[in-house]
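K.L.:
Before anything else, here's the structure in question.
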Amino acid sequence: MIRVGVILSGCGVNDGAEIHESVITMLALDKAGVETVLMAPNIDQMHVMNHYAGIEMDESRNVLVESARIARGKIRDMAEVHAADVDALIFPGGFGVAKNLCDYAMTGADCSVNPDVKRIATDVYKAGKPIGVICIAPAMFAKIMQSAEDSVKLTIGTDEQTASDINSMGSVHISCPVEDIVVDKDNKIVSTPAYMLAGKISEAAEGIEKLVKEVLAMV
């Protein structure tokens, strides 16, 4: 059976993984009859947000523990997962990608990436296995590719600043509507804007479902 790794970054759009994007990805993979290997880094979140009030909370939470909420407990510490364990990799979005998996939200194109995230993404890429990046995740992936001294075609939709950052990190940003995907066939990378542009869940779902289908076609 095909095994697809899905890397989560917490639970909640403002400080973790975007829940809609994560669940849509998991549902599309399940409908395709593949095994989903959910994982997250065992680290503290950058901060904790009250999603009701939109303010920061004075408490600490763990990325792996919070991601387990979305996974219904069936999740692995990504430090224990290797490229050989999966046939493809997908990153849902959410600010957790830009705050917990890397620090793009604070430092932009000068960001650094969590070592385990960088390791597994780089190893999967070098093994010629496909990778899907959703929402803000392409910005982080451009940084990973910069470290690998490679360039890939990516999209985050139409946001000018993020697109400029992706280009400055050595990859190529391509503008894309919410319901579509950008496919770098040579490098086996697929990206879609999702909630970088989506106004409702059905719009995000259309692009994510196309991304999952294309990633699986590349396996």
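Chains: A, B, ... in order of the structure tokens. Residues: from 1 per chain. Ligands: from 1, in order shown.
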Tell me, as a tab-separated table (two decimals) with N, CA and C atoms, in the first residue's frame, which residues lie within 6 Å of range 172-176 of chain A, counting only C-alpha atoms; anything in the same chain fewer than 4 positions away does not count.

P.N.:
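Okay, this is what ended up in part.tsv:
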```tsv
chain	number	residue	atom	x	y	z
A	153	LYS	N	9.33	25.17	-8.87
A	153	LYS	CA	8.18	26.03	-9.15
A	153	LYS	C	7.15	25.83	-8.05
A	154	LEU	N	6.67	26.94	-7.47
A	154	LEU	CA	5.76	26.89	-6.33
A	154	LEU	C	4.71	27.98	-6.45
A	155	THR	N	3.60	27.80	-5.70
A	155	THR	CA	2.62	28.88	-5.60
A	155	THR	C	2.10	29.02	-4.18
A	157	GLY	N	-0.45	31.38	-4.29
A	157	GLY	CA	-1.58	32.13	-4.80
A	157	GLY	C	-1.12	33.40	-5.46
A	158	THR	N	-1.40	34.56	-4.81
A	158	THR	CA	-1.08	35.84	-5.43
A	158	THR	C	-0.45	36.85	-4.47
A	163	ALA	N	5.32	35.82	-2.44
A	163	ALA	CA	5.83	35.43	-3.75
A	163	ALA	C	7.24	35.96	-3.96
A	167	ASN	N	10.79	33.82	-4.51
A	167	ASN	CA	11.74	34.09	-5.60
A	167	ASN	C	13.13	34.43	-5.06
```

K.L.:
Considering only C-alpha atoms, return as number ranges by chain whatever protein or nucleic-acid residues lie within 12 Å of Met57 in chain A, sequence-local ones (same chain, fewer than 3 positions apart) excluded.

P.N.:
A: 14-15, 45-54, 60-61

K.L.:
Give me the residues within 10 Å of range 178-192 of chain A as a CSV table (one decimal) with N, CA and C atoms, in the first residue's frame, counting only C-alpha atoms and dropping any in the same chain fewer than 4 places off.

P.N.:
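result_18.csv, freshly written:
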```
chain,number,residue,atom,x,y,z
A,88,ALA,N,5.5,9.5,-0.3
A,88,ALA,CA,5.3,10.9,-0.7
A,88,ALA,C,5.1,11.6,0.6
A,89,LEU,N,5.1,13.0,0.5
A,89,LEU,CA,5.0,13.8,1.7
A,89,LEU,C,4.1,15.0,1.4
A,90,ILE,N,3.2,15.4,2.3
A,90,ILE,CA,2.4,16.5,2.1
A,90,ILE,C,2.4,17.4,3.4
A,91,PHE,N,2.5,18.7,3.2
A,91,PHE,CA,2.5,19.7,4.3
A,91,PHE,C,1.2,20.5,4.2
A,92,PRO,N,0.2,20.3,5.0
A,92,PRO,CA,-0.9,21.3,5.1
A,92,PRO,C,-0.3,22.6,5.6
A,125,TYR,N,12.7,14.5,-1.1
A,125,TYR,CA,13.0,15.1,-2.4
A,125,TYR,C,14.1,14.5,-3.1
A,126,LYS,N,15.2,14.2,-2.4
A,126,LYS,CA,16.4,13.6,-3.1
A,126,LYS,C,16.2,12.2,-3.5
A,128,GLY,N,13.6,11.3,-4.9
A,128,GLY,CA,12.7,11.3,-6.1
A,128,GLY,C,11.2,11.1,-5.8
A,129,LYS,N,10.8,11.2,-4.6
A,129,LYS,CA,9.5,11.0,-4.2
A,129,LYS,C,8.7,12.3,-4.2
A,130,PRO,N,7.4,12.3,-4.5
A,130,PRO,CA,6.7,13.6,-4.7
A,130,PRO,C,6.4,14.2,-3.3
A,131,ILE,N,6.2,15.6,-3.4
A,131,ILE,CA,5.9,16.4,-2.2
A,131,ILE,C,4.8,17.4,-2.5
A,132,GLY,N,3.8,17.5,-1.7
A,132,GLY,CA,2.8,18.5,-1.8
A,132,GLY,C,2.9,19.5,-0.7
A,133,VAL,N,2.8,20.8,-1.1
A,133,VAL,CA,2.9,21.9,-0.1
A,133,VAL,C,1.7,22.8,-0.3
A,134,ILE,N,1.0,23.0,0.8
A,134,ILE,CA,-0.3,23.7,0.8
A,134,ILE,C,-0.2,25.1,1.5
A,135,CYS,N,-0.9,26.1,1.0
A,135,CYS,CA,-1.1,27.3,1.7
A,135,CYS,C,0.3,28.0,1.9
A,136,ILE,N,0.7,28.3,3.1
A,136,ILE,CA,2.0,29.0,3.3
A,136,ILE,C,3.2,28.0,3.3
A,137,ALA,N,3.0,26.7,3.3
A,137,ALA,CA,4.1,25.8,3.3
A,137,ALA,C,5.1,25.9,2.1
A,138,PRO,N,4.6,26.4,0.9
A,138,PRO,CA,5.6,26.6,-0.1
A,138,PRO,C,6.7,27.6,0.2
A,141,PHE,N,9.2,25.6,2.0
A,141,PHE,CA,9.8,24.6,1.1
A,141,PHE,C,10.8,25.3,0.2
A,150,ASP,N,18.8,24.1,-4.9
A,150,ASP,CA,18.0,23.7,-6.0
A,150,ASP,C,16.8,24.7,-6.1
A,151,SER,N,16.1,24.7,-7.2
A,151,SER,CA,15.0,25.6,-7.5
A,151,SER,C,13.8,24.9,-8.0
A,152,VAL,N,12.7,25.2,-7.4
A,152,VAL,CA,11.4,24.5,-7.8
A,152,VAL,C,10.3,25.6,-8.1
A,153,LYS,N,9.3,25.2,-8.9
A,153,LYS,CA,8.2,26.0,-9.1
A,153,LYS,C,7.1,25.8,-8.0
A,154,LEU,N,6.7,26.9,-7.5
A,154,LEU,CA,5.8,26.9,-6.3
A,154,LEU,C,4.7,28.0,-6.5
A,155,THR,N,3.6,27.8,-5.7
A,155,THR,CA,2.6,28.9,-5.6
A,155,THR,C,2.1,29.0,-4.2
A,156,ILE,N,1.8,30.3,-3.8
A,156,ILE,CA,1.0,30.5,-2.6
A,156,ILE,C,-0.2,31.3,-3.0
A,157,GLY,N,-0.5,31.4,-4.3
A,157,GLY,CA,-1.6,32.1,-4.8
A,157,GLY,C,-1.1,33.4,-5.5
A,158,THR,N,-1.4,34.6,-4.8
A,158,THR,CA,-1.1,35.8,-5.4
A,158,THR,C,-0.5,36.8,-4.5
A,173,HIS,N,8.1,31.5,-8.1
A,173,HIS,CA,6.7,31.6,-7.8
A,173,HIS,C,5.8,31.8,-9.0
A,174,ILE,N,4.7,31.0,-9.1
A,174,ILE,CA,3.8,31.1,-10.2
A,174,ILE,C,2.4,31.5,-9.6
A,196,MET,N,-4.6,30.6,1.6
A,196,MET,CA,-3.9,31.9,1.3
A,196,MET,C,-4.9,32.7,0.4
A,197,LEU,N,-5.9,32.0,-0.2
A,197,LEU,CA,-6.8,32.7,-1.1
A,197,LEU,C,-8.3,32.4,-0.7
A,198,ALA,N,-8.5,31.2,-0.2
A,198,ALA,CA,-9.9,30.7,-0.1
A,198,ALA,C,-10.7,31.5,0.9
A,199,GLY,N,-12.0,31.7,0.4
A,199,GLY,CA,-12.9,32.4,1.3
A,199,GLY,C,-13.8,31.5,2.0
A,202,SER,N,-15.0,25.0,0.8
A,202,SER,CA,-15.1,24.3,-0.5
A,202,SER,C,-14.1,24.8,-1.5
A,203,GLU,N,-13.7,26.0,-1.4
A,203,GLU,CA,-12.7,26.6,-2.3
A,203,GLU,C,-11.3,26.0,-2.0
A,204,ALA,N,-11.0,25.9,-0.7
A,204,ALA,CA,-9.8,25.2,-0.3
A,204,ALA,C,-9.7,23.8,-0.7
A,205,ALA,N,-10.9,23.1,-0.5
A,205,ALA,CA,-10.9,21.7,-0.8
A,205,ALA,C,-10.7,21.4,-2.3
A,206,GLU,N,-11.1,22.2,-3.2
A,206,GLU,CA,-11.0,21.9,-4.6
A,206,GLU,C,-9.5,21.8,-5.0
A,207,GLY,N,-8.7,22.8,-4.5
A,207,GLY,CA,-7.3,22.7,-4.9
A,207,GLY,C,-6.6,21.6,-4.1
A,208,ILE,N,-6.9,21.4,-2.9
A,208,ILE,CA,-6.2,20.4,-2.1
A,208,ILE,C,-6.5,19.0,-2.7
A,209,GLU,N,-7.7,18.7,-3.1
A,209,GLU,CA,-8.1,17.4,-3.7
A,209,GLU,C,-7.3,17.2,-5.0
A,210,LYS,N,-7.1,18.3,-5.8
A,210,LYS,CA,-6.3,18.2,-7.0
A,210,LYS,C,-4.9,17.9,-6.6
A,211,LEU,N,-4.4,18.5,-5.6
A,211,LEU,CA,-3.0,18.3,-5.2
A,211,LEU,C,-2.8,16.9,-4.8
A,212,VAL,N,-3.7,16.4,-3.9
A,212,VAL,CA,-3.5,15.0,-3.5
A,212,VAL,C,-3.5,14.0,-4.7
A,214,GLU,N,-2.7,14.6,-7.8
A,214,GLU,CA,-1.5,14.7,-8.6
A,214,GLU,C,-0.3,14.1,-7.8
A,215,VAL,N,-0.2,14.3,-6.5
A,215,VAL,CA,0.9,13.7,-5.8
A,215,VAL,C,0.9,12.2,-5.9
A,218,MET,N,2.1,10.8,-9.1
A,218,MET,CA,3.6,10.8,-9.2
A,218,MET,C,4.3,9.7,-8.5
A,219,VAL,N,3.6,9.0,-7.6
A,219,VAL,CA,4.2,8.0,-6.8
A,219,VAL,C,4.6,6.8,-7.7
```

K.L.:
Give me the residues near range 100-107 of chain A as a list in words, where near means some atom within 7 Å (using only C-alpha atoms) and where sequence neighbours in that chain fewer than 4 positions away do not count.

P.N.:
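The filter keeps Ser9, Gln45, Met46, Gly96, Cys111, Ser112, Val113, Asn114, Val117 and Met140 of chain A.
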
K.L.:
Can you list, as a ChimeraX atom specification, every protein, DNA or RNA residue that comes within 7 Å of range 76-80 of chain A when you count only C-alpha atoms, leaving out same-chain residues fewer than 5 positions away?

P.N.:
/A:38-42,64,116

K.L.:
Go through A:Val81, A:Val97, A:Leu216, A:Ala142 one by one, measure the shortest atom-to-atom distance of each to Met169 in chain A using only C-alpha atoms, and give the residue with the smallest value.

P.N.:
A:Ala142

K.L.:
Could you jot down the CA of Ser171 in chain A to CA of Val6 in chain A separation for me, Å, one decimal place?

P.N.:
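A separation of 22.5 Å between them.
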
K.L.:
Calculated over only C-alpha atoms, which of the candidates A:Leu27, A:Ile43, A:Val13, A:Ala194 has the smallest distance to Asn62 in chain A?

P.N.:
A:Ile43

K.L.:
Hey, what does DSSP flag as alpha helix (DSSP H) within range 81-198 of chain A? Can you give it to me as number ranges by chain?

P.N.:
A: 95-96, 104-107, 115-126, 137-147, 160-168

K.L.:
Output N, CA and C atoms for every residue in that selection, as an mmCIF file, in the first residue's frame.

P.N.:
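Done, and the output landed in out.cif:
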```
data_model
loop_
_atom_site.group_PDB
_atom_site.id
_atom_site.type_symbol
_atom_site.label_atom_id
_atom_site.label_comp_id
_atom_site.auth_asym_id
_atom_site.auth_seq_id
_atom_site.Cartn_x
_atom_site.Cartn_y
_atom_site.Cartn_z
ATOM 1 N N PHE A 95 -0.526 28.870 10.273
ATOM 2 C CA PHE A 95 0.605 29.650 10.769
ATOM 3 C C PHE A 95 1.617 28.794 11.523
ATOM 4 N N GLY A 96 1.214 27.599 11.968
ATOM 5 C CA GLY A 96 2.156 26.701 12.630
ATOM 6 C C GLY A 96 3.319 26.337 11.729
ATOM 7 N N TYR A 104 9.529 31.525 9.479
ATOM 8 C CA TYR A 104 9.245 32.451 8.379
ATOM 9 C C TYR A 104 8.359 33.607 8.817
ATOM 10 N N ALA A 105 7.411 33.360 9.726
ATOM 11 C CA ALA A 105 6.498 34.420 10.168
ATOM 12 C C ALA A 105 7.237 35.571 10.835
ATOM 13 N N MET A 106 8.388 35.273 11.416
ATOM 14 C CA MET A 106 9.151 36.305 12.114
ATOM 15 C C MET A 106 10.287 36.877 11.278
ATOM 16 N N THR A 107 10.894 36.055 10.437
ATOM 17 C CA THR A 107 12.126 36.470 9.759
ATOM 18 C C THR A 107 12.053 36.464 8.240
ATOM 19 N N PRO A 115 15.200 21.266 12.160
ATOM 20 C CA PRO A 115 16.114 20.269 11.587
ATOM 21 C C PRO A 115 15.433 18.989 11.107
ATOM 22 N N ASP A 116 14.454 18.476 11.841
ATOM 23 C CA ASP A 116 13.782 17.241 11.412
ATOM 24 C C ASP A 116 12.890 17.474 10.205
ATOM 25 N N VAL A 117 12.249 18.636 10.158
ATOM 26 C CA VAL A 117 11.442 18.990 8.987
ATOM 27 C C VAL A 117 12.335 19.075 7.759
ATOM 28 N N LYS A 118 13.448 19.771 7.916
ATOM 29 C CA LYS A 118 14.401 19.926 6.806
ATOM 30 C C LYS A 118 14.963 18.576 6.374
ATOM 31 N N ARG A 119 15.274 17.733 7.354
ATOM 32 C CA ARG A 119 15.844 16.409 7.045
ATOM 33 C C ARG A 119 14.899 15.552 6.216
ATOM 34 N N ILE A 120 13.671 15.388 6.695
ATOM 35 C CA ILE A 120 12.780 14.461 5.996
ATOM 36 C C ILE A 120 12.337 15.025 4.649
ATOM 37 N N ALA A 121 12.114 16.340 4.570
ATOM 38 C CA ALA A 121 11.729 16.933 3.293
ATOM 39 C C ALA A 121 12.855 16.808 2.271
ATOM 40 N N THR A 122 14.073 17.078 2.708
ATOM 41 C CA THR A 122 15.221 16.978 1.808
ATOM 42 C C THR A 122 15.443 15.538 1.363
ATOM 43 N N ASP A 123 15.344 14.603 2.291
ATOM 44 C CA ASP A 123 15.577 13.195 1.958
ATOM 45 C C ASP A 123 14.503 12.644 1.019
ATOM 46 N N VAL A 124 13.245 13.032 1.249
ATOM 47 C CA VAL A 124 12.156 12.591 0.366
ATOM 48 C C VAL A 124 12.360 13.181 -1.034
ATOM 49 N N TYR A 125 12.728 14.451 -1.087
ATOM 50 C CA TYR A 125 12.978 15.113 -2.370
ATOM 51 C C TYR A 125 14.130 14.453 -3.122
ATOM 52 N N LYS A 126 15.240 14.207 -2.420
ATOM 53 C CA LYS A 126 16.411 13.600 -3.069
ATOM 54 C C LYS A 126 16.153 12.158 -3.494
ATOM 55 N N ALA A 137 2.955 26.739 3.256
ATOM 56 C CA ALA A 137 4.055 25.770 3.273
ATOM 57 C C ALA A 137 5.053 25.939 2.117
ATOM 58 N N PRO A 138 4.627 26.381 0.922
ATOM 59 C CA PRO A 138 5.621 26.587 -0.139
ATOM 60 C C PRO A 138 6.730 27.571 0.227
ATOM 61 N N ALA A 139 6.427 28.562 1.072
ATOM 62 C CA ALA A 139 7.476 29.510 1.475
ATOM 63 C C ALA A 139 8.560 28.794 2.263
ATOM 64 N N MET A 140 8.149 27.910 3.172
ATOM 65 C CA MET A 140 9.121 27.120 3.922
ATOM 66 C C MET A 140 9.878 26.175 2.988
ATOM 67 N N PHE A 141 9.170 25.586 2.037
ATOM 68 C CA PHE A 141 9.815 24.629 1.138
ATOM 69 C C PHE A 141 10.839 25.316 0.248
ATOM 70 N N ALA A 142 10.577 26.567 -0.122
ATOM 71 C CA ALA A 142 11.567 27.313 -0.908
ATOM 72 C C ALA A 142 12.860 27.456 -0.129
ATOM 73 N N LYS A 143 12.752 27.645 1.188
ATOM 74 C CA LYS A 143 13.955 27.747 2.023
ATOM 75 C C LYS A 143 14.693 26.408 2.070
ATOM 76 N N ILE A 144 13.955 25.316 2.166
ATOM 77 C CA ILE A 144 14.574 23.990 2.165
ATOM 78 C C ILE A 144 15.300 23.752 0.851
ATOM 79 N N MET A 145 14.703 24.165 -0.257
ATOM 80 C CA MET A 145 15.322 23.997 -1.562
ATOM 81 C C MET A 145 16.554 24.904 -1.716
ATOM 82 N N GLN A 146 16.504 26.053 -1.073
ATOM 83 C CA GLN A 146 17.672 26.945 -1.101
ATOM 84 C C GLN A 146 18.857 26.260 -0.437
ATOM 85 N N SER A 147 18.609 25.587 0.667
ATOM 86 C CA SER A 147 19.675 24.854 1.357
ATOM 87 C C SER A 147 20.189 23.704 0.513
ATOM 88 N N GLU A 160 1.879 39.178 -2.926
ATOM 89 C CA GLU A 160 3.103 39.706 -3.542
ATOM 90 C C GLU A 160 4.330 39.545 -2.652
ATOM 91 N N GLN A 161 4.208 39.816 -1.363
ATOM 92 C CA GLN A 161 5.366 39.732 -0.478
ATOM 93 C C GLN A 161 5.879 38.300 -0.358
ATOM 94 N N THR A 162 4.962 37.345 -0.148
ATOM 95 C CA THR A 162 5.380 35.946 -0.020
ATOM 96 C C THR A 162 5.943 35.429 -1.334
ATOM 97 N N ALA A 163 5.320 35.824 -2.438
ATOM 98 C CA ALA A 163 5.833 35.427 -3.753
ATOM 99 C C ALA A 163 7.241 35.963 -3.961
ATOM 100 N N SER A 164 7.465 37.212 -3.555
ATOM 101 C CA SER A 164 8.795 37.808 -3.673
ATOM 102 C C SER A 164 9.815 37.068 -2.820
ATOM 103 N N ASP A 165 9.399 36.660 -1.620
ATOM 104 C CA ASP A 165 10.300 35.906 -0.742
ATOM 105 C C ASP A 165 10.671 34.562 -1.356
ATOM 106 N N ILE A 166 9.682 33.887 -1.946
ATOM 107 C CA ILE A 166 9.958 32.593 -2.589
ATOM 108 C C ILE A 166 10.981 32.780 -3.709
ATOM 109 N N ASN A 167 10.789 33.816 -4.511
ATOM 110 C CA ASN A 167 11.741 34.089 -5.602
ATOM 111 C C ASN A 167 13.128 34.434 -5.059
ATOM 112 N N SER A 168 13.172 35.198 -3.974
ATOM 113 C CA SER A 168 14.468 35.604 -3.416
ATOM 114 C C SER A 168 15.218 34.419 -2.810
#
```
